[in-house]
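Colleague: Next comes upload_22.json, JSON, C-alpha atoms and all ligand atoms:
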[["chain", "number", "residue", "atom", "x", "y", "z"],
["A", 1, "MET", "CA", -64.03, -40.51, -83.53],
["A", 2, "ILE", "CA", -66.44, -42.08, -81.06],
["A", 3, "THR", "CA", -67.01, -45.74, -81.84],
["A", 4, "ILE", "CA", -70.09, -47.59, -80.64],
["A", 5, "LYS", "CA", -69.45, -51.24, -79.83],
["A", 6, "THR", "CA", -71.89, -54.07, -80.45],
["A", 7, "PRO", "CA", -72.51, -56.62, -77.69],
["A", 8, "ALA", "CA", -70.21, -59.02, -79.58],
["A", 9, "GLU", "CA", -67.45, -56.43, -79.63],
["A", 10, "ILE", "CA", -67.95, -55.73, -75.93],
["A", 11, "ALA", "CA", -67.58, -59.47, -75.31],
["A", 12, "LEU", "CA", -64.23, -59.36, -77.14],
["A", 13, "MET", "CA", -63.19, -56.29, -75.15],
["A", 14, "ARG", "CA", -64.01, -58.20, -71.98],
["A", 15, "GLU", "CA", -61.45, -60.82, -73.05],
["A", 16, "ALA", "CA", -58.82, -58.12, -73.60],
["A", 17, "GLY", "CA", -59.80, -56.58, -70.28],
["A", 18, "ARG", "CA", -59.54, -59.91, -68.47],
["A", 19, "LEU", "CA", -56.03, -60.49, -69.83],
["A", 20, "THR", "CA", -55.04, -57.00, -68.69],
["A", 21, "ALA", "CA", -56.49, -57.60, -65.21],
["A", 22, "GLN", "CA", -54.72, -60.96, -64.96],
["A", 23, "ALA", "CA", -51.41, -59.35, -65.88],
["A", 24, "MET", "CA", -52.05, -56.66, -63.26],
["A", 25, "GLU", "CA", -52.68, -59.36, -60.68],
["A", 26, "ALA", "CA", -49.41, -61.08, -61.61],
["A", 27, "VAL", "CA", -47.49, -57.81, -61.28],
["A", 28, "SER", "CA", -49.17, -56.86, -58.02],
["A", 29, "ALA", "CA", -48.06, -60.15, -56.48],
["A", 30, "LEU", "CA", -44.42, -59.14, -57.07],
["A", 31, "ILE", "CA", -44.62, -55.71, -55.48],
["A", 32, "CYS", "CA", -42.31, -55.60, -52.47],
["A", 33, "GLU", "CA", -39.34, -53.75, -51.14],
["A", 34, "GLY", "CA", -36.26, -54.21, -53.36],
["A", 35, "ILE", "CA", -37.93, -55.12, -56.66],
["A", 36, "SER", "CA", -37.10, -52.86, -59.59],
["A", 37, "THR", "CA", -39.73, -51.31, -61.81],
["A", 38, "LYS", "CA", -38.15, -52.98, -64.85],
["A", 39, "GLU", "CA", -38.72, -56.38, -63.25],
["A", 40, "LEU", "CA", -42.40, -55.48, -62.92],
["A", 41, "ASP", "CA", -42.40, -54.41, -66.56],
["A", 42, "LYS", "CA", -40.91, -57.73, -67.65],
["A", 43, "CYS", "CA", -43.50, -59.66, -65.66],
["A", 44, "ALA", "CA", -46.36, -57.82, -67.38],
["A", 45, "GLU", "CA", -44.83, -58.12, -70.83],
["A", 46, "ASP", "CA", -44.12, -61.85, -70.50],
["A", 47, "TYR", "CA", -47.56, -62.51, -69.03],
["A", 48, "ILE", "CA", -49.39, -60.78, -71.86],
["A", 49, "ILE", "CA", -47.26, -62.15, -74.70],
["A", 50, "THR", "CA", -47.34, -65.73, -73.37],
["A", 51, "ARG", "CA", -51.13, -65.67, -73.54],
["A", 52, "GLY", "CA", -51.29, -64.39, -77.09],
["A", 53, "GLY", "CA", -51.77, -60.69, -76.35],
["A", 54, "LYS", "CA", -49.67, -57.66, -77.08],
["A", 55, "PRO", "CA", -48.64, -55.01, -74.53],
["A", 56, "SER", "CA", -50.29, -51.92, -75.98],
["A", 57, "PHE", "CA", -48.01, -49.33, -74.39],
["A", 58, "LYS", "CA", -44.78, -50.70, -75.84],
["A", 59, "GLY", "CA", -43.81, -48.51, -78.77],
["A", 60, "TYR", "CA", -46.87, -46.27, -78.38],
["A", 61, "GLN", "CA", -45.56, -42.91, -79.54],
["A", 62, "GLY", "CA", -42.12, -44.35, -78.81],
["A", 63, "TYR", "CA", -42.88, -45.33, -75.21],
["A", 64, "PRO", "CA", -40.18, -47.82, -74.10],
["A", 65, "GLY", "CA", -42.09, -49.96, -71.56],
["A", 66, "SER", "CA", -45.01, -52.36, -71.36],
["A", 67, "ILE", "CA", -46.24, -50.70, -68.18],
["A", 68, "CYS", "CA", -46.03, -47.26, -66.63],
["A", 69, "ALA", "CA", -44.58, -47.41, -63.11],
["A", 70, "SER", "CA", -45.07, -44.15, -61.24],
["A", 71, "VAL", "CA", -43.70, -43.90, -57.69],
["A", 72, "ASN", "CA", -44.82, -41.46, -54.95],
["A", 73, "ASP", "CA", -44.98, -37.97, -56.51],
["A", 74, "GLU", "CA", -44.95, -39.42, -60.02],
["A", 75, "VAL", "CA", -48.51, -39.14, -61.33],
["A", 76, "VAL", "CA", -48.38, -41.24, -64.50],
["A", 77, "HIS", "CA", -46.10, -42.42, -67.31],
["A", 78, "GLY", "CA", -43.13, -43.28, -65.10],
["A", 79, "ILE", "CA", -40.71, -45.29, -67.25],
["A", 80, "PRO", "CA", -39.70, -48.68, -65.82],
["A", 81, "GLY", "CA", -36.01, -48.91, -64.97],
["A", 82, "SER", "CA", -33.49, -49.82, -62.31],
["A", 83, "ARG", "CA", -35.26, -47.91, -59.53],
["A", 84, "LYS", "CA", -36.00, -50.29, -56.68],
["A", 85, "LEU", "CA", -39.10, -49.97, -54.56],
["A", 86, "ARG", "CA", -38.65, -49.08, -50.92],
["A", 87, "GLN", "CA", -40.79, -49.72, -47.88],
["A", 88, "GLY", "CA", -43.25, -46.83, -47.59],
["A", 89, "ASP", "CA", -43.43, -46.06, -51.31],
["A", 90, "ILE", "CA", -46.63, -46.08, -53.25],
["A", 91, "ILE", "CA", -46.52, -47.20, -56.88],
["A", 92, "SER", "CA", -49.08, -46.68, -59.61],
["A", 93, "ILE", "CA", -49.01, -49.37, -62.29],
["A", 94, "ASP", "CA", -50.76, -48.60, -65.56],
["A", 95, "MET", "CA", -50.91, -51.24, -68.29],
["A", 96, "GLY", "CA", -52.74, -52.17, -71.41],
["A", 97, "ALA", "CA", -53.11, -55.24, -73.59],
["A", 98, "ILE", "CA", -54.40, -55.84, -77.08],
["A", 99, "PHE", "CA", -56.18, -59.16, -77.56],
["A", 100, "HIS", "CA", -58.26, -60.21, -80.59],
["A", 101, "GLY", "CA", -57.93, -56.67, -81.91],
["A", 102, "PHE", "CA", -59.31, -54.88, -78.87],
["A", 103, "GLN", "CA", -57.71, -52.98, -76.03],
["A", 104, "GLY", "CA", -57.85, -53.18, -72.26],
["A", 105, "ASP", "CA", -56.42, -50.33, -70.16],
["A", 106, "MET", "CA", -56.22, -50.23, -66.38],
["A", 107, "ALA", "CA", -54.25, -48.75, -63.49],
["A", 108, "ARG", "CA", -53.94, -49.30, -59.77],
["A", 109, "THR", "CA", -51.91, -47.72, -56.97],
["A", 110, "PHE", "CA", -50.25, -50.10, -54.51],
["A", 111, "ALA", "CA", -48.56, -49.63, -51.15],
["A", 112, "VAL", "CA", -45.05, -51.06, -50.72],
["A", 113, "GLY", "CA", -45.09, -52.59, -47.24],
["A", 114, "GLN", "CA", -46.17, -50.27, -44.46],
["A", 115, "VAL", "CA", -47.07, -46.78, -45.72],
["A", 116, "THR", "CA", -48.25, -43.61, -44.01],
["A", 117, "ASP", "CA", -51.90, -43.09, -43.12],
["A", 118, "GLU", "CA", -51.92, -40.27, -45.67],
["A", 119, "ALA", "CA", -50.83, -42.67, -48.43],
["A", 120, "THR", "CA", -53.37, -45.29, -47.36],
["A", 121, "ARG", "CA", -56.15, -42.71, -47.43],
["A", 122, "LEU", "CA", -55.08, -41.42, -50.86],
["A", 123, "ILE", "CA", -55.18, -44.94, -52.32],
["A", 124, "ALA", "CA", -58.66, -45.54, -50.90],
["A", 125, "VAL", "CA", -60.08, -42.20, -52.01],
["A", 126, "THR", "CA", -58.64, -42.56, -55.52],
["A", 127, "LYS", "CA", -60.50, -45.87, -55.88],
["A", 128, "GLU", "CA", -63.69, -44.25, -54.58],
["A", 129, "CYS", "CA", -63.22, -41.46, -57.13],
["A", 130, "PHE", "CA", -63.23, -44.08, -59.87],
["A", 131, "GLU", "CA", -66.34, -45.69, -58.40],
["A", 132, "VAL", "CA", -68.38, -42.50, -58.18],
["A", 133, "GLY", "CA", -67.25, -41.55, -61.68],
["A", 134, "MET", "CA", -68.18, -44.95, -63.07],
["A", 135, "ALA", "CA", -71.59, -44.77, -61.42],
["A", 136, "GLN", "CA", -72.36, -41.84, -63.72],
["A", 137, "ALA", "CA", -71.42, -43.79, -66.88],
["A", 138, "ARG", "CA", -75.07, -44.44, -67.75],
["A", 139, "ILE", "CA", -77.10, -44.12, -70.90],
["A", 140, "GLY", "CA", -78.50, -40.60, -71.12],
["A", 141, "ASN", "CA", -76.06, -39.03, -68.66],
["A", 142, "ARG", "CA", -73.43, -36.55, -69.83],
["A", 143, "ILE", "CA", -69.65, -36.85, -69.85],
["A", 144, "GLY", "CA", -69.49, -33.96, -67.37],
["A", 145, "ASP", "CA", -71.45, -36.00, -64.84],
["A", 146, "ILE", "CA", -68.47, -38.37, -64.54],
["A", 147, "GLY", "CA", -65.88, -35.66, -63.94],
["A", 148, "HIS", "CA", -68.13, -33.72, -61.64],
["A", 149, "ALA", "CA", -68.65, -36.72, -59.36],
["A", 150, "VAL", "CA", -64.90, -37.40, -59.23],
["A", 151, "GLN", "CA", -64.05, -33.77, -58.54],
["A", 152, "VAL", "CA", -66.62, -33.32, -55.75],
["A", 153, "LEU", "CA", -65.36, -36.39, -53.91],
["A", 154, "ALA", "CA", -61.64, -35.63, -54.34],
["A", 155, "GLU", "CA", -61.81, -31.95, -53.50],
["A", 156, "GLY", "CA", -64.13, -32.68, -50.58],
["A", 157, "GLN", "CA", -61.26, -34.74, -49.14],
["A", 158, "GLY", "CA", -58.83, -31.86, -49.69],
["A", 159, "TYR", "CA", -57.20, -33.48, -52.69],
["A", 160, "GLY", "CA", -56.30, -32.09, -56.10],
["A", 161, "VAL", "CA", -57.67, -33.57, -59.33],
["A", 162, "VAL", "CA", -55.18, -33.70, -62.19],
["A", 163, "ARG", "CA", -56.53, -31.74, -65.14],
["A", 164, "ASP", "CA", -53.78, -32.00, -67.72],
["A", 165, "LEU", "CA", -54.57, -35.67, -68.37],
["A", 166, "CYS", "CA", -57.95, -37.33, -68.89],
["A", 167, "GLY", "CA", -59.65, -40.63, -69.41],
["A", 168, "HIS", "CA", -60.67, -41.56, -72.94],
["A", 169, "GLY", "CA", -62.74, -43.66, -75.24],
["A", 170, "ILE", "CA", -61.16, -47.04, -76.00],
["A", 171, "GLY", "CA", -61.74, -49.85, -78.47],
["A", 172, "GLN", "CA", -59.52, -51.05, -81.28],
["A", 173, "GLU", "CA", -57.41, -47.99, -80.46],
["A", 174, "MET", "CA", -56.13, -47.24, -76.95],
["A", 175, "HIS", "CA", -57.13, -43.61, -77.17],
["A", 176, "GLU", "CA", -60.43, -42.88, -78.90],
["A", 177, "ASP", "CA", -62.86, -40.01, -78.44],
["A", 178, "PRO", "CA", -64.32, -38.75, -76.23],
["A", 179, "GLU", "CA", -61.96, -37.31, -73.64],
["A", 180, "VAL", "CA", -63.15, -38.13, -70.13],
["A", 181, "PRO", "CA", -62.01, -35.37, -67.75],
["A", 182, "ASN", "CA", -61.99, -36.00, -64.00],
["A", 183, "PHE", "CA", -63.47, -32.58, -63.33],
["A", 184, "GLY", "CA", -66.36, -30.69, -64.83],
["A", 185, "ARG", "CA", -69.95, -29.65, -64.67],
["A", 186, "ALA", "CA", -72.84, -32.03, -64.11],
["A", 187, "GLY", "CA", -75.29, -32.08, -67.00],
["A", 188, "HIS", "CA", -72.74, -30.76, -69.49],
["A", 189, "GLY", "CA", -70.92, -32.31, -72.42],
["A", 190, "LEU", "CA", -71.46, -35.31, -74.64],
["A", 191, "ARG", "CA", -74.50, -37.46, -73.98],
["A", 192, "LEU", "CA", -73.55, -41.05, -73.14],
["A", 193, "LYS", "CA", -74.94, -43.83, -75.31],
["A", 194, "GLU", "CA", -75.23, -47.60, -75.10],
["A", 195, "GLY", "CA", -72.13, -49.25, -76.57],
["A", 196, "MET", "CA", -69.65, -46.52, -75.70],
["A", 197, "VAL", "CA", -66.58, -47.85, -73.90],
["A", 198, "LEU", "CA", -64.60, -45.46, -71.72],
["A", 199, "ALA", "CA", -61.34, -45.69, -69.80],
["A", 200, "ILE", "CA", -62.23, -43.85, -66.60],
["A", 201, "GLU", "CA", -59.05, -42.96, -64.75],
["A", 202, "PRO", "CA", -58.91, -40.43, -61.94],
["A", 203, "MET", "CA", -55.44, -39.18, -61.05],
["A", 204, "ILE", "CA", -55.65, -37.68, -57.56],
["A", 205, "ASN", "CA", -52.99, -35.68, -55.69],
["A", 206, "THR", "CA", -52.65, -35.10, -51.95],
["A", 207, "GLY", "CA", -51.84, -31.46, -52.69],
["A", 208, "THR", "CA", -52.15, -29.26, -55.74],
["A", 209, "TRP", "CA", -53.84, -30.49, -58.91],
["A", 210, "GLN", "CA", -51.01, -28.99, -60.92],
["A", 211, "VAL", "CA", -48.40, -31.23, -62.50],
["A", 212, "GLU", "CA", -45.04, -30.95, -64.23],
["A", 213, "PHE", "CA", -43.72, -32.89, -67.19],
["A", 214, "LEU", "CA", -40.16, -34.17, -66.79],
["A", 215, "ASP", "CA", -37.68, -33.83, -69.61],
["A", 216, "ASP", "CA", -37.44, -37.61, -70.10],
["A", 217, "GLY", "CA", -40.45, -36.84, -72.32],
["A", 218, "TRP", "CA", -42.86, -38.99, -70.30],
["A", 219, "THR", "CA", -42.89, -38.79, -66.53],
["A", 220, "VAL", "CA", -45.56, -36.55, -65.01],
["A", 221, "VAL", "CA", -45.00, -35.45, -61.39],
["A", 222, "THR", "CA", -47.01, -33.43, -58.90],
["A", 223, "GLY", "CA", -46.24, -29.72, -58.87],
["A", 224, "ASP", "CA", -45.67, -29.66, -55.10],
["A", 225, "GLY", "CA", -43.98, -33.02, -54.55],
["A", 226, "GLY", "CA", -47.11, -34.49, -52.92],
["A", 227, "LEU", "CA", -48.24, -38.05, -53.50],
["A", 228, "SER", "CA", -50.44, -39.09, -56.42],
["A", 229, "GLY", "CA", -52.81, -42.02, -56.89],
["A", 230, "HIS", "CA", -54.26, -43.50, -60.09],
["A", 231, "TYR", "CA", -57.16, -45.92, -60.56],
["A", 232, "GLU", "CA", -58.40, -46.90, -64.00],
["A", 233, "ASN", "CA", -60.70, -49.43, -65.60],
["A", 234, "THR", "CA", -62.10, -49.93, -69.07],
["A", 235, "VAL", "CA", -65.88, -49.53, -68.66],
["A", 236, "ALA", "CA", -68.71, -50.33, -71.10],
["A", 237, "ILE", "CA", -71.94, -48.34, -71.03],
["A", 238, "THR", "CA", -74.75, -50.88, -71.35],
["A", 239, "ALA", "CA", -78.49, -51.14, -70.86],
["A", 240, "ASP", "CA", -77.67, -52.88, -67.58],
["A", 241, "GLY", "CA", -75.52, -49.94, -66.44],
["A", 242, "PRO", "CA", -71.72, -49.53, -66.39],
["A", 243, "GLN", "CA", -69.72, -52.77, -66.71],
["A", 244, "ILE", "CA", -66.03, -53.05, -65.85],
["A", 245, "LEU", "CA", -64.28, -54.92, -68.67],
["A", 246, "THR", "CA", -60.85, -55.00, -66.99],
["A", 247, "ALA", "CA", -62.00, -57.57, -64.46],
["A", 248, "LEU", "CA", -60.67, -61.03, -63.63],
["A", 301, "LIG", "N1", -52.65, -46.06, -70.34],
["A", 301, "LIG", "C1", -52.40, -44.68, -70.37],
["A", 301, "LIG", "C2", -53.76, -44.10, -70.39],
["A", 301, "LIG", "O1", -54.46, -44.46, -69.53],
["A", 301, "LIG", "C3", -51.55, -44.28, -71.49],
["A", 301, "LIG", "C4", -50.22, -44.84, -71.45],
["A", 301, "LIG", "S1", -49.26, -43.95, -72.47],
["A", 301, "LIG", "C5", -48.10, -45.03, -72.98],
["A", 301, "LIG", "O2", -54.20, -43.42, -71.22],
["A", 301, "LIG", "F1", -47.35, -44.40, -73.77],
["A", 301, "LIG", "F2", -47.48, -45.47, -71.93],
["A", 301, "LIG", "F3", -48.66, -46.00, -73.60],
["A", 302, "CO", "CO", -56.09, -44.86, -70.04]]
Mind turning the file's structure into structure tokens?
Ligand code: MF3
Ligand code: CO
Modeller:
Amino acid sequence: MITIKTPAEIALMREAGRLTAQAMEAVSALICEGISTKELDKCAEDYIITRGGKPSFKGYQGYPGSICASVNDEVVHGIPGSRKLRQGDIISIDMGAIFHGFQGDMARTFAVGQVTDEATRLIAVTKECFEVGMAQARIGNRIGDIGHAVQVLAEGQGYGVVRDLCGHGIGQEMHEDPEVPNFGRAGHGLRLKEGMVLAIEPMINTGTWQVEFLDDGWTVVTGDGGLSGHYENTVAITADGPQILTAL
């Protein structure tokens, strides 16, 4: 079901989004060679709980962590554990918080120390993919305009756009309708309306768009072992244009 949020509800979602962004900032400050992904998970969990929120991922369909920590060829849904980050890795952190009944959902990809030029470029282009997608999140546009913009940019850079996973509506539930694919046809699909809130989240691979699902039940990896980047914000469609709710 697509839910339309009132301005008052969007204001509440901005509070949930701010808490999520603050937790992301706290985690990002810890990223360095030698830290384990479970330490990052604990940081996020403690940060959110201490401030009266709830980590939305924990227990979601049995998911064991408060964040997803996906390293190098891991696309999304990497489970935090004893793996330690190494110089040259890239790590995508995805996290969500519930606050006053509403959800924030965001993801970023970070470099661990000095990384290759290829990794640096992937991180930058993945962010740009989010930005061009978000720019299409306007009243009267279509859902396909978002994915089309992402796909044109990513494929123009020689990258693959993950198709098996999409962005989504978000509100009191983490995953609401509609699905927000990162590929598609301009001018096609659902018409966007004021008060829709979407998690726009391109997942971009240096090589093939195809992915594999590991038998831990969660981790998604690139089909060819190439690197993957992820950039996500919770975005409200308003009369003033798209507004990022997962902002500090
Ligand atoms: N935040 C992810 C998304 O963007 C979903 C995480 S799945 C979970 O849709 F199980 F880890 F919660
Ligand atoms: Co999401």
Colleague: For region 193-209 of chain A, work out the shell of residues within 8 Å, counting all atoms listed in the file and skipping chain neighbours fewer than 2 positions away, then give it as a PyMOL selection string.
Modeller: chain A and resi 2-7+10+75+105-107+122+126+129-130+133-134+138-140+150+154+158-163+166-171+180+182+191+211+222-224+226-239
Colleague: Listing only residues of chain A within 8 Å of ligand LIG 301 (chain A), what is the closest atom pair and its distance in Å (to one decimal) for each, using all atoms listed in the file, sorted by chain and residue number ascending, as JSON lines?
Modeller:
{"residue": "A:Ser56", "atom": "CA", "partner": "A:LIG301", "partner_atom": "F3", "distance": 6.6}
{"residue": "A:Phe57", "atom": "CA", "partner": "A:LIG301", "partner_atom": "F3", "distance": 3.5}
{"residue": "A:Lys58", "atom": "CA", "partner": "A:LIG301", "partner_atom": "F3", "distance": 6.5}
{"residue": "A:Gly59", "atom": "CA", "partner": "A:LIG301", "partner_atom": "F1", "distance": 7.4}
{"residue": "A:Tyr60", "atom": "CA", "partner": "A:LIG301", "partner_atom": "F1", "distance": 5.0}
{"residue": "A:Gln61", "atom": "CA", "partner": "A:LIG301", "partner_atom": "F1", "distance": 6.2}
{"residue": "A:Gly62", "atom": "CA", "partner": "A:LIG301", "partner_atom": "F1", "distance": 7.3}
{"residue": "A:Tyr63", "atom": "CA", "partner": "A:LIG301", "partner_atom": "F1", "distance": 4.8}
{"residue": "A:Pro64", "atom": "CA", "partner": "A:LIG301", "partner_atom": "F1", "distance": 8.0}
{"residue": "A:Gly65", "atom": "CA", "partner": "A:LIG301", "partner_atom": "F2", "distance": 7.0}
{"residue": "A:Ser66", "atom": "CA", "partner": "A:LIG301", "partner_atom": "F2", "distance": 7.3}
{"residue": "A:Ile67", "atom": "CA", "partner": "A:LIG301", "partner_atom": "F2", "distance": 6.6}
{"residue": "A:Cys68", "atom": "CA", "partner": "A:LIG301", "partner_atom": "F2", "distance": 5.8}
{"residue": "A:Val76", "atom": "CA", "partner": "A:LIG301", "partner_atom": "C1", "distance": 7.9}
{"residue": "A:His77", "atom": "CA", "partner": "A:LIG301", "partner_atom": "F2", "distance": 5.7}
{"residue": "A:Asp94", "atom": "CA", "partner": "A:LIG301", "partner_atom": "N1", "distance": 5.7}
{"residue": "A:Met95", "atom": "CA", "partner": "A:LIG301", "partner_atom": "N1", "distance": 5.8}
{"residue": "A:Gly96", "atom": "CA", "partner": "A:LIG301", "partner_atom": "N1", "distance": 6.2}
{"residue": "A:Asp105", "atom": "CA", "partner": "A:LIG301", "partner_atom": "N1", "distance": 5.7}
{"residue": "A:Met106", "atom": "CA", "partner": "A:LIG301", "partner_atom": "N1", "distance": 6.8}
{"residue": "A:Ala107", "atom": "CA", "partner": "A:LIG301", "partner_atom": "O1", "distance": 7.4}
{"residue": "A:Cys166", "atom": "CA", "partner": "A:LIG301", "partner_atom": "O2", "distance": 7.5}
{"residue": "A:Gly167", "atom": "CA", "partner": "A:LIG301", "partner_atom": "O2", "distance": 6.4}
{"residue": "A:His168", "atom": "CA", "partner": "A:LIG301", "partner_atom": "O2", "distance": 6.9}
{"residue": "A:Met174", "atom": "CA", "partner": "A:LIG301", "partner_atom": "O2", "distance": 7.2}
{"residue": "A:His175", "atom": "CA", "partner": "A:LIG301", "partner_atom": "O2", "distance": 6.6}
{"residue": "A:Ala199", "atom": "CA", "partner": "A:LIG301", "partner_atom": "O1", "distance": 7.0}
{"residue": "A:Glu201", "atom": "CA", "partner": "A:LIG301", "partner_atom": "O1", "distance": 6.8}
{"residue": "A:Trp218", "atom": "CA", "partner": "A:LIG301", "partner_atom": "F1", "distance": 7.8}
{"residue": "A:Glu232", "atom": "CA", "partner": "A:LIG301", "partner_atom": "O1", "distance": 7.2}
Colleague: Could you turn the residues from that selection into a file that holds C-alpha atoms, as a tab-separated table (two decimals), in the frame of the given file?
Modeller:
chain	number	residue	atom	x	y	z
A	56	SER	CA	-50.29	-51.92	-75.98
A	57	PHE	CA	-48.01	-49.33	-74.39
A	58	LYS	CA	-44.78	-50.70	-75.84
A	59	GLY	CA	-43.81	-48.51	-78.77
A	60	TYR	CA	-46.87	-46.27	-78.38
A	61	GLN	CA	-45.56	-42.91	-79.54
A	62	GLY	CA	-42.12	-44.35	-78.81
A	63	TYR	CA	-42.88	-45.33	-75.21
A	64	PRO	CA	-40.18	-47.82	-74.10
A	65	GLY	CA	-42.09	-49.96	-71.56
A	66	SER	CA	-45.01	-52.36	-71.36
A	67	ILE	CA	-46.24	-50.70	-68.18
A	68	CYS	CA	-46.03	-47.26	-66.63
A	76	VAL	CA	-48.38	-41.24	-64.50
A	77	HIS	CA	-46.10	-42.42	-67.31
A	94	ASP	CA	-50.76	-48.60	-65.56
A	95	MET	CA	-50.91	-51.24	-68.29
A	96	GLY	CA	-52.74	-52.17	-71.41
A	105	ASP	CA	-56.42	-50.33	-70.16
A	106	MET	CA	-56.22	-50.23	-66.38
A	107	ALA	CA	-54.25	-48.75	-63.49
A	166	CYS	CA	-57.95	-37.33	-68.89
A	167	GLY	CA	-59.65	-40.63	-69.41
A	168	HIS	CA	-60.67	-41.56	-72.94
A	174	MET	CA	-56.13	-47.24	-76.95
A	175	HIS	CA	-57.13	-43.61	-77.17
A	199	ALA	CA	-61.34	-45.69	-69.80
A	201	GLU	CA	-59.05	-42.96	-64.75
A	218	TRP	CA	-42.86	-38.99	-70.30
A	232	GLU	CA	-58.40	-46.90	-64.00
Colleague: List the neighbours of Ser92 (chain A) out to 6 Å using only C-alpha atoms; skip same-chain residues closer than 2 positions along the sequence, and give me the result as a list in words.
Modeller: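 Listed by chain and then number, they are Ala69, Ser70, Arg108 and Thr109 of chain A.
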Colleague: Out of A:Leu192, A:His148, A:Gly187, A:Ile93, which residue has the shortest atom-to-atom distance to ligand CO 302 (chain A) when counting all atoms listed in the file?
Modeller: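 So, comparing all the options, the nearest one is A:Ile93.
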Colleague: Any idea what's packed within 9 Å of Val132 (chain A), counting all atoms listed in the file, ignoring anything in its chain fewer than 6 positions away? Could you give it as a list in words?
Modeller: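 Neighbouring residues, sequence-local ones excluded: Ile146, Ala149, Val150 and Leu153 of chain A.
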Colleague: Might you pull out every residue within 9 Å of Gln114 (chain A), with only C-alpha atoms counted and same-chain residues fewer than 2 positions away left off, and present them as a PyMOL selection string?
Modeller: chain A and resi 87-89+111-112+116
Colleague: So how many Å separate CA of Pro242 (chain A) and CA of His100 (chain A), to one decimal?
Modeller: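 Atom-to-atom, CA of Pro242 (chain A) and CA of His100 (chain A) are spaced 22.3 Å apart.
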Colleague: Pick out the closest residue to Glu33 (chain A) from this set: A:Gly225, A:Gly17, A:Gly113, A:Gly144. Count all atoms listed in the file.
Modeller: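 Looking at the shortest contact to Glu33 (chain A), the residue is A:Gly113.
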Colleague: Which residue out of A:Glu179, A:Asp117, A:Asp73, A:Glu39 has the minimum interatomic distance to Gly147 (chain A) when all atoms listed in the file are used?
Modeller: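 Answer, going by the shortest atom-to-atom distance: A:Glu179.
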Colleague: Distance CA of Thr246 (chain A)-CA of Thr20 (chain A), one decimal place?
Modeller: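 Result for CA of Thr246 (chain A) versus CA of Thr20 (chain A): 6.4 Å, one decimal.
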Colleague: Under the rule that only C-alpha atoms are counted, which of A:Glu74, A:Asp145, A:Glu25, A:Glu15 is the nearest residue to Tyr47 (chain A)?
Modeller: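 Under the stated criterion, the closest residue is A:Glu25.
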